[in-house]
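Next comes my_file-v2.txt, a file with compact mmCIF, C-alpha atoms.
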```
# COMPACT_ATOMS: atom_id res chain seq x y z
CA MET A 60 57.58 43.72 98.47
CA THR A 61 61.06 43.31 99.89
CA ASN A 62 64.12 44.44 97.95
CA PRO A 63 66.30 41.42 97.08
CA LEU A 64 69.34 43.35 98.21
CA ASP A 65 68.08 43.51 101.79
CA SER A 66 70.15 41.43 104.16
CA LYS A 67 67.08 39.83 105.68
CA ALA A 68 64.34 38.52 103.39
CA ALA A 69 60.74 38.99 104.51
CA PRO A 70 59.21 35.76 105.88
CA THR A 71 56.26 34.89 103.64
CA ILE A 72 53.44 32.35 103.61
CA LEU A 73 52.66 30.84 100.21
CA VAL A 74 49.02 29.98 99.47
CA GLY A 75 47.71 27.87 96.60
CA VAL A 76 44.07 27.03 95.87
CA ASP A 77 43.27 23.99 93.72
CA LEU A 78 40.23 24.98 91.66
CA GLY A 79 40.41 21.87 89.49
CA GLY A 80 42.54 23.42 86.76
CA PRO A 81 45.15 21.43 84.80
CA ASN A 82 48.25 23.32 85.93
CA PHE A 83 47.87 23.45 89.70
CA ASP A 84 51.25 23.34 91.45
CA SER A 85 50.48 21.27 94.56
CA GLU A 86 53.97 21.84 95.99
CA LEU A 87 53.98 25.59 95.15
CA GLU A 88 57.53 25.06 93.85
CA GLU A 89 57.39 27.72 91.15
CA LEU A 90 55.75 30.26 93.44
CA GLY A 91 58.51 29.59 95.98
CA LEU A 92 61.18 30.23 93.35
CA LEU A 93 59.43 33.41 92.27
CA ALA A 94 59.24 34.56 95.89
CA GLN A 95 62.94 33.93 96.44
CA THR A 96 63.78 35.71 93.19
CA ALA A 97 61.88 38.75 94.49
CA GLY A 98 63.78 38.67 97.79
CA LEU A 99 61.16 36.94 99.95
CA GLN A 100 61.71 33.94 102.21
CA PRO A 101 58.92 31.33 102.22
CA VAL A 102 58.38 30.01 105.76
CA ALA A 103 55.16 28.03 105.27
CA ARG A 104 52.94 26.72 102.48
CA VAL A 105 49.17 26.33 102.57
CA VAL A 106 47.25 24.37 99.94
CA CYS A 107 43.49 23.88 99.82
CA LYS A 108 40.77 22.76 97.42
CA ARG A 109 37.70 24.70 96.41
CA ARG A 110 35.10 24.34 93.67
CA ALA A 111 35.17 28.10 93.16
CA PRO A 112 36.91 31.07 94.82
CA ASP A 113 35.10 32.67 97.74
CA ALA A 114 33.77 36.02 96.55
CA ALA A 115 35.01 37.88 99.62
CA LEU A 116 38.14 36.10 100.86
CA PHE A 117 39.03 33.77 97.96
CA VAL A 118 39.83 30.90 100.37
CA GLY A 119 36.81 31.33 102.65
CA SER A 120 36.68 32.67 106.20
CA GLY A 121 37.82 29.42 107.90
CA LYS A 122 40.94 29.00 105.80
CA ALA A 123 41.68 32.73 106.01
CA GLU A 124 41.66 32.48 109.81
CA GLU A 125 43.94 29.42 109.63
CA ILE A 126 46.42 31.38 107.50
CA ARG A 127 46.25 34.33 109.93
CA GLN A 128 47.07 32.07 112.88
CA LEU A 129 49.92 30.46 110.92
CA ALA A 130 51.35 33.89 110.21
CA LEU A 131 51.35 34.66 113.93
CA GLN A 132 53.12 31.37 114.69
CA THR A 133 55.78 31.70 111.97
CA GLY A 134 56.34 35.45 112.18
CA ALA A 135 55.39 35.89 108.53
CA THR A 136 55.09 39.49 107.41
CA GLU A 137 53.47 38.87 104.02
CA ILE A 138 50.97 36.50 102.40
CA LEU A 139 51.44 35.47 98.77
CA PHE A 140 48.75 33.75 96.65
CA ASP A 141 49.56 31.62 93.60
CA GLN A 142 46.38 32.79 91.87
CA ALA A 143 45.24 36.24 90.80
CA LEU A 144 43.13 38.04 93.41
CA SER A 145 40.43 40.58 92.65
CA PRO A 146 40.95 44.04 94.19
CA GLY A 147 38.08 43.35 96.62
CA GLN A 148 39.44 39.97 97.70
CA GLN A 149 42.89 41.44 98.25
CA ARG A 150 41.50 44.29 100.33
CA ASN A 151 39.32 41.95 102.44
CA LEU A 152 42.19 39.53 103.04
CA GLU A 153 44.49 42.33 104.17
CA ARG A 154 41.89 43.57 106.61
CA HIS A 155 41.43 40.05 107.98
CA MET A 156 45.13 39.15 108.15
CA GLN A 157 46.38 42.58 109.18
CA LEU A 158 49.26 41.86 106.81
CA PRO A 159 50.14 42.72 103.21
CA VAL A 160 48.54 40.24 100.78
CA ASN A 161 49.74 39.96 97.19
CA ASP A 162 49.12 37.61 94.27
CA ARG A 163 51.17 35.94 91.55
CA THR A 164 50.55 38.75 89.06
CA PHE A 165 51.92 41.41 91.41
CA LEU A 166 54.93 39.21 92.23
CA ILE A 167 55.87 38.76 88.57
CA LEU A 168 55.50 42.49 87.97
CA GLU A 169 57.78 43.22 90.93
CA ILE A 170 60.45 40.84 89.65
CA PHE A 171 60.28 42.42 86.21
CA ALA A 172 60.60 45.87 87.78
CA GLN A 173 63.71 44.77 89.68
CA ARG A 174 65.33 43.16 86.64
CA ALA A 175 64.58 45.53 83.77
CA ARG A 176 67.76 47.30 82.62
CA SER A 177 67.12 48.88 79.23
CA HIS A 178 65.06 52.02 78.75
CA GLU A 179 62.47 50.05 76.79
CA GLY A 180 62.27 47.29 79.40
CA LYS A 181 61.72 49.79 82.20
CA LEU A 182 58.95 51.53 80.26
CA GLN A 183 57.24 48.23 79.51
CA VAL A 184 57.32 47.16 83.14
CA GLU A 185 56.12 50.54 84.35
CA LEU A 186 53.15 50.42 81.97
CA ALA A 187 52.17 46.94 83.14
CA ARG A 188 52.45 47.93 86.80
CA LEU A 189 50.39 51.08 86.30
CA GLN A 190 47.67 49.13 84.50
CA TYR A 191 47.62 46.58 87.33
CA LEU A 192 47.54 49.23 90.05
CA SER A 193 44.81 51.21 88.31
CA THR A 194 42.33 48.54 89.41
CA ARG A 195 43.58 48.61 93.00
CA LEU A 196 43.16 52.11 94.34
CA VAL A 197 44.57 51.34 97.78
CA ARG A 198 47.33 54.00 97.78
CA ARG A 199 50.09 51.52 96.85
CA TRP A 200 51.63 54.05 94.49
CA SER A 201 52.40 56.99 96.79
CA HIS A 202 55.75 57.30 94.93
CA LEU A 203 53.80 58.72 91.99
CA GLU A 204 53.06 61.84 94.03
CA ARG A 205 56.57 63.03 93.16
CA GLN A 206 55.72 62.79 89.46
CA ARG A 207 52.62 64.94 89.70
CA GLY A 208 52.97 68.30 88.05
CA GLY A 209 51.77 70.59 85.31
CA ILE A 210 48.45 72.26 84.65
CA GLY A 211 45.24 70.47 85.47
CA THR A 212 46.65 67.76 87.74
CA ARG A 213 44.74 68.85 90.84
CA GLY A 214 41.02 68.75 91.18
CA GLY A 215 38.57 71.13 92.75
CA PRO A 216 37.43 71.14 96.39
CA GLY A 217 34.82 68.46 95.75
CA GLU A 218 37.17 65.95 94.12
CA THR A 219 37.85 62.91 96.31
CA GLN A 220 41.29 61.45 96.95
CA ILE A 221 40.42 58.28 95.03
CA GLU A 222 39.46 60.36 92.00
CA LEU A 223 42.79 62.19 92.24
CA ASP A 224 44.60 58.87 92.43
CA ARG A 225 42.71 57.51 89.46
CA ARG A 226 43.46 60.59 87.38
CA MET A 227 47.12 60.56 88.43
CA ILE A 228 47.56 56.94 87.33
CA SER A 229 45.66 57.56 84.09
CA GLU A 230 48.00 60.44 83.24
CA ASN A 231 51.07 58.30 83.99
CA ILE A 232 49.72 55.49 81.79
CA LYS A 233 49.20 57.94 78.94
CA ARG A 234 52.72 59.38 79.26
CA THR A 235 54.31 55.93 79.48
CA LYS A 236 52.42 54.70 76.40
CA GLU A 237 53.61 57.74 74.43
CA ARG A 238 57.24 57.13 75.43
CA LEU A 239 56.92 53.42 74.64
CA THR A 240 55.50 54.22 71.18
CA LYS A 241 58.66 56.20 70.37
CA VAL A 242 60.85 53.30 71.48
CA LYS A 243 58.82 50.86 69.34
CA LYS A 244 59.38 53.08 66.27
CA GLN A 245 63.12 53.04 66.93
CA ARG A 246 63.09 49.24 67.15
CA GLN A 247 61.08 48.99 63.92
CA THR A 248 63.72 51.13 62.20
CA GLN A 249 66.43 48.77 63.43
CA ARG A 250 64.46 45.76 62.15
CA ARG A 251 64.02 47.34 58.72
CA GLN A 252 67.78 47.91 58.54
CA ARG A 253 68.36 44.22 59.30
CA GLU A 254 65.81 43.23 56.64
CA ARG A 255 67.58 45.37 54.04
CA ARG A 256 70.77 43.48 54.84
CA ASP A 257 68.88 40.25 54.05
CA ALA A 258 69.54 38.98 57.58
CA PHE A 259 68.25 35.62 58.76
CA ASN A 260 66.72 36.24 62.20
CA ILE A 261 66.70 33.63 64.96
CA SER A 262 65.04 34.19 68.34
CA LEU A 263 65.69 32.16 71.48
CA ILE A 264 62.43 31.51 73.30
CA GLY A 265 61.39 29.19 76.11
CA TYR A 266 60.13 28.84 79.64
CA THR A 267 61.99 30.92 82.19
CA ASN A 268 65.13 29.28 83.60
CA ALA A 269 65.43 26.86 80.68
CA GLY A 270 68.97 28.12 80.01
CA LYS A 271 68.34 30.47 77.08
CA SER A 272 70.97 33.03 78.08
CA THR A 273 73.57 30.34 78.78
CA LEU A 274 72.91 28.89 75.32
CA PHE A 275 73.05 32.39 73.81
CA ASN A 276 76.47 32.95 75.39
CA ALA A 277 77.69 29.54 74.21
CA LEU A 278 76.68 30.26 70.61
CA VAL A 279 77.91 33.84 70.21
CA LYS A 280 80.55 33.94 72.97
CA ALA A 281 78.76 36.88 74.54
CA ARG A 282 78.52 37.84 78.18
CA ALA A 283 74.77 38.20 78.57
CA TYR A 284 73.68 37.79 82.18
CA ALA A 285 72.79 34.18 82.95
CA ALA A 286 71.87 32.68 86.32
CA ASP A 287 70.00 29.69 87.73
CA GLN A 288 66.93 31.71 88.62
CA LEU A 289 63.62 32.78 87.16
CA PHE A 290 63.63 35.76 84.80
CA ALA A 291 67.40 36.25 84.79
CA THR A 292 66.97 37.98 81.41
CA LEU A 293 64.27 40.55 80.63
CA ASP A 294 65.71 42.74 77.90
CA THR A 295 66.22 41.45 74.38
CA THR A 296 69.89 41.07 73.41
CA THR A 297 70.83 40.64 69.74
CA ARG A 298 74.20 39.52 68.36
CA GLN A 299 75.55 38.31 65.04
CA LEU A 300 76.30 34.58 64.89
CA TYR A 301 78.73 33.47 62.18
CA LEU A 302 78.03 29.98 60.82
CA GLY A 303 81.12 28.78 59.00
CA ALA A 304 79.39 25.80 57.41
CA ALA A 305 76.95 28.20 55.73
CA ASN A 306 79.54 30.92 55.14
CA ARG A 307 77.18 33.58 56.47
CA SER A 308 76.12 35.37 59.64
CA VAL A 309 72.67 35.26 61.20
CA SER A 310 71.03 37.53 63.75
CA LEU A 311 70.46 35.79 67.13
CA SER A 312 68.20 37.36 69.79
CA ASP A 313 67.76 36.30 73.42
CA THR A 314 64.24 37.18 74.62
CA VAL A 315 62.40 37.23 77.94
CA GLY A 316 61.39 33.85 79.36
CA PHE A 317 57.75 32.77 79.46
CA ILE A 318 55.93 31.46 82.52
CA ARG A 319 52.61 29.93 83.49
CA ASP A 320 49.82 32.48 83.91
CA LEU A 321 51.91 35.31 82.51
CA PRO A 322 49.88 38.46 83.26
CA HIS A 323 48.02 39.57 80.13
CA GLY A 324 48.97 43.17 80.79
CA LEU A 325 52.59 42.13 80.77
CA VAL A 326 52.19 40.40 77.40
CA ASP A 327 50.67 43.60 76.02
CA ALA A 328 53.33 45.81 77.59
CA PHE A 329 56.14 43.59 76.33
CA GLN A 330 54.77 43.49 72.79
CA ALA A 331 57.80 45.39 71.50
CA THR A 332 60.25 42.99 73.11
CA LEU A 333 58.32 39.93 71.98
CA GLN A 334 58.21 41.45 68.50
CA GLU A 335 61.68 39.91 68.05
CA ALA A 336 59.97 36.51 68.23
CA ILE A 337 57.13 37.56 65.93
CA ASP A 338 59.57 38.79 63.25
CA ALA A 339 61.97 35.83 63.49
CA ASP A 340 62.60 33.42 60.62
CA LEU A 341 63.30 30.66 63.13
CA LEU A 342 62.47 30.13 66.81
CA LEU A 343 64.98 28.21 68.91
CA HIS A 344 62.61 26.85 71.55
CA VAL A 345 64.83 26.05 74.55
CA VAL A 346 63.49 23.45 77.00
CA ASP A 347 64.83 22.35 80.39
CA ALA A 348 65.08 18.64 79.60
CA ALA A 349 65.83 17.81 83.25
CA ASN A 350 62.60 19.36 84.51
CA PRO A 351 59.84 16.73 84.83
CA GLU A 352 57.27 19.44 84.05
CA PHE A 353 58.77 20.21 80.63
CA PRO A 354 55.67 19.07 78.63
CA GLU A 355 53.50 21.58 80.53
CA GLN A 356 56.15 24.28 80.07
CA ILE A 357 56.24 23.66 76.31
CA ALA A 358 52.45 23.99 76.25
CA GLN A 359 52.64 27.31 78.13
CA VAL A 360 55.18 28.68 75.66
CA GLN A 361 53.00 27.60 72.74
CA ALA A 362 50.01 29.37 74.31
CA VAL A 363 51.92 32.66 74.55
CA LEU A 364 53.21 32.28 70.99
CA LYS A 365 49.60 31.98 69.81
CA GLU A 366 48.67 35.05 71.82
CA ILE A 367 51.36 37.18 70.16
CA GLY A 368 50.80 35.73 66.68
CA ALA A 369 54.09 33.82 66.42
CA ASP A 370 52.79 30.24 66.50
CA ASP A 371 53.24 29.68 62.75
CA ILE A 372 56.98 30.45 62.72
CA PRO A 373 59.21 27.36 62.23
CA GLN A 374 60.68 26.02 65.46
CA LEU A 375 63.73 23.99 66.37
CA LEU A 376 63.44 22.43 69.82
CA VAL A 377 66.63 22.54 71.87
CA PHE A 378 66.39 20.28 74.91
CA ASN A 379 68.99 21.84 77.20
CA LYS A 380 70.60 20.54 80.42
CA VAL A 381 70.90 17.01 79.03
CA ASP A 382 73.84 16.48 81.42
CA ALA A 383 71.40 16.84 84.33
CA ILE A 384 69.10 14.03 83.11
CA ALA A 385 69.28 10.77 85.09
CA PRO A 386 71.50 8.10 83.43
CA ASP A 387 68.55 5.75 82.86
CA ALA A 388 66.58 8.53 81.10
CA GLN A 389 69.27 9.76 78.70
CA PRO A 390 68.12 10.22 75.08
CA LEU A 391 68.83 7.40 72.63
CA ARG A 392 69.86 9.93 69.96
CA MET A 393 71.07 13.52 70.14
CA GLU A 394 68.75 14.47 67.27
CA ASP A 395 65.15 13.36 66.73
CA THR A 396 61.64 14.87 66.71
CA TYR A 397 59.06 15.78 69.34
CA ASP A 398 55.30 16.09 69.00
CA ILE A 399 53.91 19.60 69.41
CA GLU A 400 50.17 19.74 68.86
CA GLY A 401 50.22 16.88 66.35
CA LEU A 402 53.31 18.00 64.42
CA GLN A 403 56.68 16.30 64.80
CA THR A 404 59.12 19.15 65.44
CA PRO A 405 62.90 18.74 64.98
CA ARG A 406 64.70 18.39 68.33
CA LEU A 407 68.33 18.45 69.46
CA PHE A 408 69.76 17.62 72.89
CA VAL A 409 72.49 19.90 74.26
CA SER A 410 74.13 21.12 77.42
CA ALA A 411 74.82 24.83 77.08
CA ARG A 412 76.92 24.77 80.25
CA SER A 413 79.28 21.94 79.17
CA LEU A 414 78.91 22.72 75.41
CA LEU A 415 77.75 19.15 74.75
CA GLY A 416 75.84 19.11 71.44
CA ILE A 417 76.68 22.73 70.57
CA PRO A 418 78.66 21.78 67.40
CA LEU A 419 75.66 19.73 66.23
CA LEU A 420 73.36 22.69 66.89
CA ARG A 421 75.62 25.07 64.94
CA GLN A 422 75.66 22.64 62.01
CA LYS A 423 71.86 22.38 62.10
CA LEU A 424 71.54 26.17 62.09
CA ALA A 425 73.96 26.37 59.17
CA ASP A 426 71.89 23.86 57.20
CA ILE A 427 68.75 25.90 57.88
CA ALA A 428 70.43 29.21 57.01
CA LYS A 429 71.58 27.84 53.66
CA SER A 430 68.01 26.98 52.65
CA ASP A 431 65.15 29.37 51.93
CA ALA A 432 64.54 31.53 55.02
CA GLY A 433 60.77 31.49 54.57
CA ALA A 434 60.27 27.73 54.76
CA PRO A 435 63.51 25.79 55.37
CA ASP A 436 63.29 22.14 54.32
CA GLU A 437 65.06 21.03 57.49
CA LEU A 438 62.09 22.22 59.53
CA SER A 439 59.28 20.76 57.45
CA PRO A 440 56.76 19.07 59.79
CA ILE A 441 56.94 15.29 59.93
CA HIS A 442 53.74 13.28 59.81
CA PRO A 443 52.69 11.75 63.15
CA GLU A 444 53.41 8.21 61.93
CA SER A 445 57.10 9.15 61.68
CA SER A 446 57.38 9.99 65.37
CA GLY A 447 60.79 10.34 67.04
CA ASP A 448 61.81 9.20 70.49
CA ASP A 449 60.94 11.12 73.63
CA VAL A 450 63.28 11.70 76.50
```

For the structure just supplied, provide its representation as C-alpha cells.
Amino acid sequence: MTNPLDSKAAPTILVGVDLGGPNFDSELEELGLLAQTAGLQPVARVVCKRRAPDAALFVGSGKAEEIRQLALQTGATEILFDQALSPGQQRNLERHMQLPVNDRTFLILEIFAQRARSHEGKLQVELARLQYLSTRLVRRWSHLERQRGGIGTRGGPGETQIELDRRMISENIKRTKERLTKVKKQRQTQRRQRERRDAFNISLIGYTNAGKSTLFNALVKARAYAADQLFATLDTTTRQLYLGAANRSVSLSDTVGFIRDLPHGLVDAFQATLQEAIDADLLLHVVDAANPEFPEQIAQVQAVLKEIGADDIPQLLVFNKVDAIAPDAQPLRMEDTYDIEGLQTPRLFVSARSLLGIPLLRQKLADIAKSDAGAPDELSPIHPESSGDDV
C-alpha cells in the first residue's frame, strides 16, 4: 500500500462484484475515495455481476484475465477489490495477476493505520491489523521480525517458517491486547470522574465525511482536524461545551466515522473508542444532507450502533451541509422529524461550515440538557402518523 506522502500515487484498478446485495456501489465511488485517501490513484474501474463468488478467483478466470490485461494496458501496479477476499482467493489472484491484490478490509485498516494519532488509537489499529493478517500468512508482516525477542520465540529445527510466523503474530496480538486493556481502564477511570461531576455526555456520530469534526469545531471553537475526506478523524476528542440557555456545561465527544462494511475486527478493536457513544446520554447523529445516499448511510450507522449496544440511546439528527443542497430540494423547515426504523426522530438542518442553524442547534441542546438526562422529553419518539417532512 502506497504512503499518501509519496509524490506519485500508485496506479490502481478498482474492482466491484455485484452479488445481488442491497448496497452495491455500481460506480465504485466510495472505494475510489478510500483509495485516494490511502494514497492510491484509481486508473480504471471494473464492475461485473455474479450469483456467487468464484471459490478460487472470486471473479472467475475469464474476468481475472480481463483485469490482468487491463493492468498491463494502464500500467496499474495494484488491484483493489470492493469486497472482502478470502486468503485463498487473494493468493490465487496475486499469482494470476502477478500484482499485489488487496480488498476493502485491508484498505480501511491501512487508512486507519496512517491516521491514528493517540496511543490508544494506534494500539486499536495494530490489533485489528494483526488479527486480519493472522489469517493471511503470506509474509506481509516482515516488519514484525524486528519485534521478535525474549525467551521461547524461536522454534526447534523441525518448526516451519509458517509456524514461526503464526506464533510471532499470536504473541504480538497477546501483547497488544494487554496494552489496550490498560488503556481501557484509564478511559473508564476518566468516565467515572465525569459521572461523579454529574456531566451530561453527548457524542457526535455519523457516516465518515458527514462533517462531524467541522460541527465539533463550530460548537466548541476547537481546532480538531477536519477535512473533506474519509476518516479525517480517528481518535476521540472530548471538550466541554457551555450552553448559556441552560446555564451549564456538557461534555461533547467527536468519535470515529462509520462506513459501509466496517471490518468486524475493527469494531472489536475500537470498542474503547466507541465506548464514548455507548456511554453517551445523547447521540448527535450527523448526516451529509447533500449526499443522495444519505438514507443508506443512516442505515449503516444504525447497524453499527446495534452491534456495539448503543441503539437505544436517544438521538438528535443533524442534517449537515444544507448549504450544498440544490435550491429546489431545500428543506421547508429547519427543524422537523425523520423516520428511523418506524420512529420519528427529531431533526435539525445546519451548515457547520457557514454556521447556518448552529444557534438553533445550541438552543435545542440547552433544552435537552435542562431536562432529565436519562429520557429528555424533547427526544421522545413521535408516532408515525405525526411524520415530519423529508429533505

Polymer residues at most 9 Å from range 316-321 of chain A, all atoms listed in the file, same-chain spacing of 5 or more positions, as a list in words: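 Close residues of range 316-321 of chain A: Asn82, Gln142, Arg163, Thr164, Ile167, Ile264, Gly265, Tyr266, Thr267, Asn268, Ala269, Lys271, Leu289, Phe290, Ala291, Thr292, Leu293, Val326, Glu355, Gln356, Gln359, Val360 and Val363 of chain A.
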
Export C-alpha atoms of the chosen residues as a PDB file, in the frame of the given file?
```
ATOM      1  CA  ASN A  82      48.250  23.320  85.930  1.00  0.00           C
ATOM      2  CA  GLN A 142      46.380  32.790  91.870  1.00  0.00           C
ATOM      3  CA  ARG A 163      51.170  35.940  91.550  1.00  0.00           C
ATOM      4  CA  THR A 164      50.550  38.750  89.060  1.00  0.00           C
ATOM      5  CA  ILE A 167      55.870  38.760  88.570  1.00  0.00           C
ATOM      6  CA  ILE A 264      62.430  31.510  73.300  1.00  0.00           C
ATOM      7  CA  GLY A 265      61.390  29.190  76.110  1.00  0.00           C
ATOM      8  CA  TYR A 266      60.130  28.840  79.640  1.00  0.00           C
ATOM      9  CA  THR A 267      61.990  30.920  82.190  1.00  0.00           C
ATOM     10  CA  ASN A 268      65.130  29.280  83.600  1.00  0.00           C
ATOM     11  CA  ALA A 269      65.430  26.860  80.680  1.00  0.00           C
ATOM     12  CA  LYS A 271      68.340  30.470  77.080  1.00  0.00           C
ATOM     13  CA  LEU A 289      63.620  32.780  87.160  1.00  0.00           C
ATOM     14  CA  PHE A 290      63.630  35.760  84.800  1.00  0.00           C
ATOM     15  CA  ALA A 291      67.400  36.250  84.790  1.00  0.00           C
ATOM     16  CA  THR A 292      66.970  37.980  81.410  1.00  0.00           C
ATOM     17  CA  LEU A 293      64.270  40.550  80.630  1.00  0.00           C
ATOM     18  CA  VAL A 326      52.190  40.400  77.400  1.00  0.00           C
ATOM     19  CA  GLU A 355      53.500  21.580  80.530  1.00  0.00           C
ATOM     20  CA  GLN A 356      56.150  24.280  80.070  1.00  0.00           C
ATOM     21  CA  GLN A 359      52.640  27.310  78.130  1.00  0.00           C
ATOM     22  CA  VAL A 360      55.180  28.680  75.660  1.00  0.00           C
ATOM     23  CA  VAL A 363      51.920  32.660  74.550  1.00  0.00           C
TER      24      VAL A 363
END
```

Contact residues around range 184-194 of chain A with all atoms listed in the file at 7 Å, ignoring same-chain residues under 2 positions, as an MDAnalysis selection string: chainID A and resid 146 168 171:172 180:182 196 225 228 232 235 324:325 328

Near-Ala349 in chain A list (10 Å; only C-alpha atoms; drop same-chain fewer than 2 positions) as a ChimeraX atom specification: /A:269,346-347,351-353,378-385,388-389,450

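Distances to Thr296 in chain A were evaluated for A:Ser177, A:Leu391, A:Arg421, A:Ile170 using all atoms listed in the file, and the minimum falls at A:Ser177.
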
Residue neighbourhood Glu153 in chain A, 9 Å, all atoms listed in the file, exclusion window fewer than 6 positions, as a count of residues only: 3

Shell around Leu278 in chain A at 9 Å using all atoms listed in the file, local window under 3 positions removed, as number ranges by chain: A: 273-275, 281, 300, 411, 417, 421

Two-atom distance - CA of Thr314 in chain A, CA of Leu341 in chain A (Å): 13.2 Å

Could the centre and edge lengths of an axis-aligned box, enclosing all atoms of range 115-133 of chain A in the file with 8 Å extra on each side, be given in Å to one decimal as AutoDock Vina command-line options?
```
--center_x 45.4 --center_y 33.4 --center_z 106.3 --size_x 36.8 --size_y 24.9 --size_z 32.7
```

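For the pair CA of His155 in chain A and CA of Leu129 in chain A, the separation is 13.1 Å.
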
Pairwise distance for CA of Ile261 in chain A and CA of Gln173 in chain A, rounded to one decimal in Å: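 Atom-to-atom, CA of Ile261 in chain A and CA of Gln173 in chain A are spaced 27.3 Å apart.
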
Pick from A:Leu92, A:Leu78, A:Ile399, A:Ala175, whichever lies nearest to Arg109 in chain A using all atoms listed in the file: A:Leu78

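For the set A:Val345, A:Pro418, A:Pro81, A:Thr295, the residue with the smallest atom-to-atom gap to Arg176 in chain A is A:Thr295, counting all atoms listed in the file.
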
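With distances restricted to only C-alpha atoms, A:Glu179 is the closest residue to Thr240 in chain A from A:Asp224, A:Glu179, A:Glu394, A:Asp340.
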